[in-house]
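Encoded as structure tokens, the structure appears first; notes follow it.
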Amino acid sequence: MLVSMQMIADKIKHYNPKMYISQYSEPELTGVRLFSNLNCQIDSHYVYVIESHDIPKDIFDQERINIIIVGEVDFAENLMNNPNHNVIIIGGQYALEDIFNEILNIFNFFNDFEKKLQESLIHKKGIKDLLDISYSVFNNPMYIIDPAFMTITWSKRSHTGLEDYQWKSIVENGHTDQQLIDHHKATMMGEYLNKQRKAVIFTSEKFSYRTICSNLWIKDKRFGRLSVLEIERPFNDSDLYLVDFLTKFLCIAVQNDEYYQRTHGTLYKYFIIDQITGKNYDKKLIGYNLKQLNWKADDPYYVLKVHVTAKDIANSTLEYHGTLISRMFFGSRFIIYEDTIIIVINANKCIASWDNAVNSLRDFLKKNGLKGGMSCCFNNFYNLNDYYKLASACVELGSQINPEETLYFFEDYAIFHMIRLCSEKYDLTMFCHPKAMKIYKYDQRNKTDYLFTIYTYILKEKNIVATSKKLGIHRNSLVYRIKRINELFQVDLDNLNEEIHFILSYKIIEYMQRN
């Protein structure tokens, strides 16, 4: 393993050395040598150890040198201002051989680290083994999450008694803490971290410690993120390089993993995308894919479509939200399609009661500023494309008509969907009852609410008590209002067809007002 002067400096801080290390210093050292005047051929791939009284006057005339000086020096620091030189001075009375052996042990330590990582790969011990090996290097807890912020694995950690809530969420809940997700969205930090190709340090006033984050990439696909928490020891300047070094081994381990090879890309997601977009599949092929999911074509299904915010898209939290929602409806499957979350729910597989799952979903959507539309139930998977369209219409119409809500059901918006389809070809006022239009215009001029009164009266089966309660007025006031409406417009409330037409007219007018 190539070692840098900074990596050596981080290991000998107990000497309180003076350091003159170039900011351009890269890991390029392969070993350590004692400096000898008999052989002054300098190799930039080695670090040289020398006592201060043996330093030749022309040593810094070299083009480049990496050197550790043992003892006090009295020459001017400007001799070491060459940006190509890397100099560490260990003052005090120390034996040259002791310092040399300590530097040699540092090289052995890092070479042993690389050897253990390589052996772990050869024997396919997995990414958790790589993290456990690396704990001796970082002495801080580490974990890996997938793009959905779900926990893949975590390292061991010392028993310091310090219990961090983020670490607890990773280990016990199996995903990143919601507070961190909210922080990423509010600050757009998620978008910044997702783009990084090298390790970076993440800091926030929300947390009492720093985190080193390193994305795991296979070609151009980010499949996870390694995080190292600064909980048990402070970070060293060389930790970023070491995290990047470890990340390369993790990426190789994932590609060699049989489970990853079998499931990465998640074929069912492509299958569901094909179905919701109306791709023509042979029924036998659909049946085969359903069998892999342990589903049947005639199981009861729902389609849920969730609209997210621009910040969710920028910070890549869609997978996270999709995973948590799918857990509410056990056995369901979710995909990300056109920056929305689509969840196909198989009601036969749900363990929790439907009402409890829906209540949990409603609370989750409200908490995260999301909106969802649920199709009606259907028992023919081959019609998935049609019910996806209904869920899409539901969330769009619901957001327009009742923006204060977060979860919409198609049953509540079916009539609005029909009206919208009709509006694409016709003037909607053509379908309104003439008397309903007159009442509406009268309401607009006189600030009355007669049309809604008639609509509510019909829905409540012309029950005076139930209608007055719904409208929040006294029953005598309602009787007078109905009498007044009849005087002005001669509404026939004993005609069933006219009642239905009035209800439809009210819905058409409500739709036009909202749009």
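Quick note on naming: the chains in the structure tokens go A, B, ... in the order shown, residues restart at 1 in each chain, and ligands are numbered from 1 in order of appearance.
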
May I have all residues of region 177-306 of chain A that DSSP, computed from the backbone, assigns to alpha helix (DSSP H), given as a ChimeraX atom specification? /A:178-187,189-194,239-256,258-263,267-276,283-292

Give me the residues near region 196-204 of chain A as an mmCIF file with N, CA, C and O atoms, in the first residue's frame, where near means some atom within 6 Å (using only C-alpha atoms) and where sequence neighbours in that chain fewer than 3 positions away do not count.
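Final file, selection35.cif:
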```
data_model
loop_
_atom_site.group_PDB
_atom_site.id
_atom_site.type_symbol
_atom_site.label_atom_id
_atom_site.label_comp_id
_atom_site.auth_asym_id
_atom_site.auth_seq_id
_atom_site.Cartn_x
_atom_site.Cartn_y
_atom_site.Cartn_z
ATOM 1 N N LEU A 193 -23.862 15.633 -1.777
ATOM 2 C CA LEU A 193 -23.187 14.378 -1.453
ATOM 3 C C LEU A 193 -23.347 13.344 -2.555
ATOM 4 O O LEU A 193 -22.415 12.585 -2.850
ATOM 5 N N PHE A 207 -25.555 18.189 14.348
ATOM 6 C CA PHE A 207 -24.889 17.029 14.918
ATOM 7 C C PHE A 207 -23.614 17.453 15.635
ATOM 8 O O PHE A 207 -22.932 18.397 15.232
ATOM 9 N N ARG A 210 -18.602 15.004 13.168
ATOM 10 C CA ARG A 210 -18.502 15.049 11.710
ATOM 11 C C ARG A 210 -18.621 13.634 11.136
ATOM 12 O O ARG A 210 -18.469 12.650 11.860
ATOM 13 N N THR A 211 -18.887 13.579 9.840
ATOM 14 C CA THR A 211 -19.006 12.299 9.145
ATOM 15 C C THR A 211 -18.230 12.360 7.842
ATOM 16 O O THR A 211 -18.327 13.343 7.099
ATOM 17 N N ILE A 212 -17.460 11.322 7.568
ATOM 18 C CA ILE A 212 -16.844 11.178 6.255
ATOM 19 C C ILE A 212 -17.779 10.338 5.397
ATOM 20 O O ILE A 212 -18.177 9.235 5.794
ATOM 21 N N CYS A 213 -18.157 10.867 4.235
ATOM 22 C CA CYS A 213 -19.073 10.172 3.331
ATOM 23 C C CYS A 213 -18.346 9.848 2.028
ATOM 24 O O CYS A 213 -17.662 10.712 1.462
ATOM 25 N N SER A 214 -18.526 8.634 1.568
ATOM 26 C CA SER A 214 -17.911 8.215 0.304
ATOM 27 C C SER A 214 -18.913 7.368 -0.469
ATOM 28 O O SER A 214 -19.367 6.329 0.018
ATOM 29 N N LEU A 240 -9.441 10.851 4.733
ATOM 30 C CA LEU A 240 -10.175 10.922 3.463
ATOM 31 C C LEU A 240 -9.559 9.972 2.434
ATOM 32 O O LEU A 240 -10.273 9.263 1.723
ATOM 33 N N ASP A 244 -11.288 6.537 0.766
ATOM 34 C CA ASP A 244 -11.317 6.265 -0.674
ATOM 35 C C ASP A 244 -10.659 4.927 -0.997
ATOM 36 O O ASP A 244 -11.122 4.185 -1.873
#
```

Between A:Thr340, A:Thr406, A:Phe223, A:Thr151, which one has atoms that come closest to Gly372 (chain A), using only C-alpha atoms?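 For Gly372 (chain A), the nearest of the candidates is A:Thr406.
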
Expressed in Å, the length from CA of Pro147 (chain A) to CA of Asp312 (chain A) is 12.6 Å

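Every protein or nucleic acid residue with an atom no more than 7 Å from region 112-129 of chain A, counting only C-alpha atoms and leaving out same-chain residues fewer than 2 positions away, appears here: Met1, Asn108, Phe109, Phe110, Leu131, Asp132, Ile133, Thr153, Trp154, Ser155, Leu250 and Ala253 of chain A.
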
Fewer than 4 positions away in the same chain doesn't count, so skip those; otherwise give me all residues within 12 Å of Lys185 (chain A), counting only C-alpha atoms, as a ChimeraX atom specification. /A:178-181,189-193,308-318,368-369

At what distance in Å, to one decimal, does CA of Phe329 (chain A) lie from CA of Cys350 (chain A)?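 Between these atoms lies a distance of 5.4 Å.
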
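Within region 53-193 of chain A, DSSP applied to the backbone places the following residues in strand (DSSP E or B): Asn66, Ile67, Ile68, Ile69, Val70, Asn86, Val87, Ile88, Ile89, Ile90, Met142, Tyr143, Ile144, Ile145, Met150, Thr151, Ile152, Thr153, Trp154 and His175 of chain A.
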
Measure the distance from CA of Asn497 (chain A) to CA of Gln400 (chain A) in Å and round it to one decimal.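 These two atoms are separated by 29.2 Å.
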
List every residue of region 197-279 of chain A that has an atom at most 12 Å from any atom of region 163-173 of chain A, and for each one report the closest atom pair and its distance in Å to one decimal, counting only C-alpha atoms, with rows sorted by chain and then by increasing residue number, as CSV.
```
residue,atom,partner,partner_atom,distance
A:Lys206,CA,A:Gln166,CA,11.5
A:Phe207,CA,A:Gln166,CA,9.6
A:Ser208,CA,A:Asp164,CA,9.9
A:Tyr209,CA,A:Asp164,CA,10.0
A:Thr211,CA,A:Gln166,CA,11.2
A:Ser227,CA,A:Trp167,CA,10.5
A:Val228,CA,A:Trp167,CA,10.5
A:Leu229,CA,A:Trp167,CA,8.7
A:Glu230,CA,A:Asp164,CA,10.9
A:Ile231,CA,A:Asp164,CA,8.4
A:Glu232,CA,A:Glu163,CA,11.0
```

Give me the residues within 8 Å of Asp239 (chain A) as a list of chain:residue names, counting only C-alpha atoms and dropping any in the same chain fewer than 4 places off. A:Phe138, A:Phe235, A:Val243

Could you save the residues just selected, with N, CA and C atoms, as a PDB file, in the first residue's frame?
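Output contents, as saved in selection24.pdb:
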```pdb
ATOM      1  N   PHE A 138      -9.536   3.156  11.292  1.00  0.00           N
ATOM      2  CA  PHE A 138     -10.293   4.388  11.568  1.00  0.00           C
ATOM      3  C   PHE A 138     -10.662   4.553  13.036  1.00  0.00           C
ATOM      4  N   PHE A 235     -10.950  12.757  13.525  1.00  0.00           N
ATOM      5  CA  PHE A 235     -10.437  12.425  12.203  1.00  0.00           C
ATOM      6  C   PHE A 235      -9.007  12.940  12.037  1.00  0.00           C
ATOM      7  N   VAL A 243     -10.360   6.366   3.416  1.00  0.00           N
ATOM      8  CA  VAL A 243     -11.752   6.014   3.103  1.00  0.00           C
ATOM      9  C   VAL A 243     -11.892   5.714   1.611  1.00  0.00           C
TER      10      VAL A 243
END
```

If we count only C-alpha atoms and set the cut-off at 7 Å, which residues sit around Val49 (chain A), ignoring sequence neighbours fewer than 3 positions away in its own chain? Please answer as a PDB file with N, CA and C atoms, in the first residue's frame.
```pdb
ATOM      1  N   ARG A  33      14.023   4.420   4.715  1.00  0.00           N
ATOM      2  CA  ARG A  33      15.447   4.159   4.690  1.00  0.00           C
ATOM      3  C   ARG A  33      16.155   5.100   5.665  1.00  0.00           C
ATOM      4  N   LEU A  34      17.304   4.628   6.193  1.00  0.00           N
ATOM      5  CA  LEU A  34      18.188   5.509   6.941  1.00  0.00           C
ATOM      6  C   LEU A  34      19.027   6.297   5.941  1.00  0.00           C
ATOM      7  N   PHE A  35      19.131   7.593   6.161  1.00  0.00           N
ATOM      8  CA  PHE A  35      19.931   8.408   5.245  1.00  0.00           C
ATOM      9  C   PHE A  35      21.414   8.160   5.507  1.00  0.00           C
ATOM     10  N   ILE A  67      11.638  13.464   4.179  1.00  0.00           N
ATOM     11  CA  ILE A  67      12.640  13.235   5.213  1.00  0.00           C
ATOM     12  C   ILE A  67      12.058  13.459   6.602  1.00  0.00           C
ATOM     13  N   ILE A  68      12.534  12.632   7.563  1.00  0.00           N
ATOM     14  CA  ILE A  68      12.183  12.784   8.971  1.00  0.00           C
ATOM     15  C   ILE A  68      13.481  13.053   9.719  1.00  0.00           C
ATOM     16  N   ILE A  69      13.538  14.196  10.378  1.00  0.00           N
ATOM     17  CA  ILE A  69      14.738  14.623  11.091  1.00  0.00           C
ATOM     18  C   ILE A  69      14.521  14.387  12.579  1.00  0.00           C
ATOM     19  N   PHE A 100      13.251   5.071  13.568  1.00  0.00           N
ATOM     20  CA  PHE A 100      13.255   4.313  12.318  1.00  0.00           C
ATOM     21  C   PHE A 100      12.328   3.096  12.422  1.00  0.00           C
TER      22      PHE A 100
END
```

Could you give me, as a list in words, the residues within 9 Å of region 5-15 of chain A, counting only C-alpha atoms and dropping anything in the same chain fewer than 3 positions from it?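 Those residues are Met19, Ile21, Ser25, Glu26, Pro27, Glu28, Leu29, Val47, Asn66, Ile67, Asn86, Val87, Ile88, Ile90, Gly91, Gly92, Glu102, Ile103, Ile106, Phe107, Asn236, Asp237, Ser238 and Asp239 of chain A.
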
Measuring between only C-alpha atoms, which one of A:Tyr440, A:Phe378, A:Phe431, A:Tyr480 shows the shortest distance to His501 (chain A)?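 Between A:Tyr440, A:Phe378, A:Phe431, A:Tyr480, the residue approaching His501 (chain A) most closely is A:Phe431.
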
For each of A:Ile272, A:Val358, A:Val306, A:Ala352, take the minimum atom-to-atom distance to Leu370 (chain A), counting only C-alpha atoms, then give the residue where this is smallest.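 For Leu370 (chain A), the nearest of the given residues is A:Val306.
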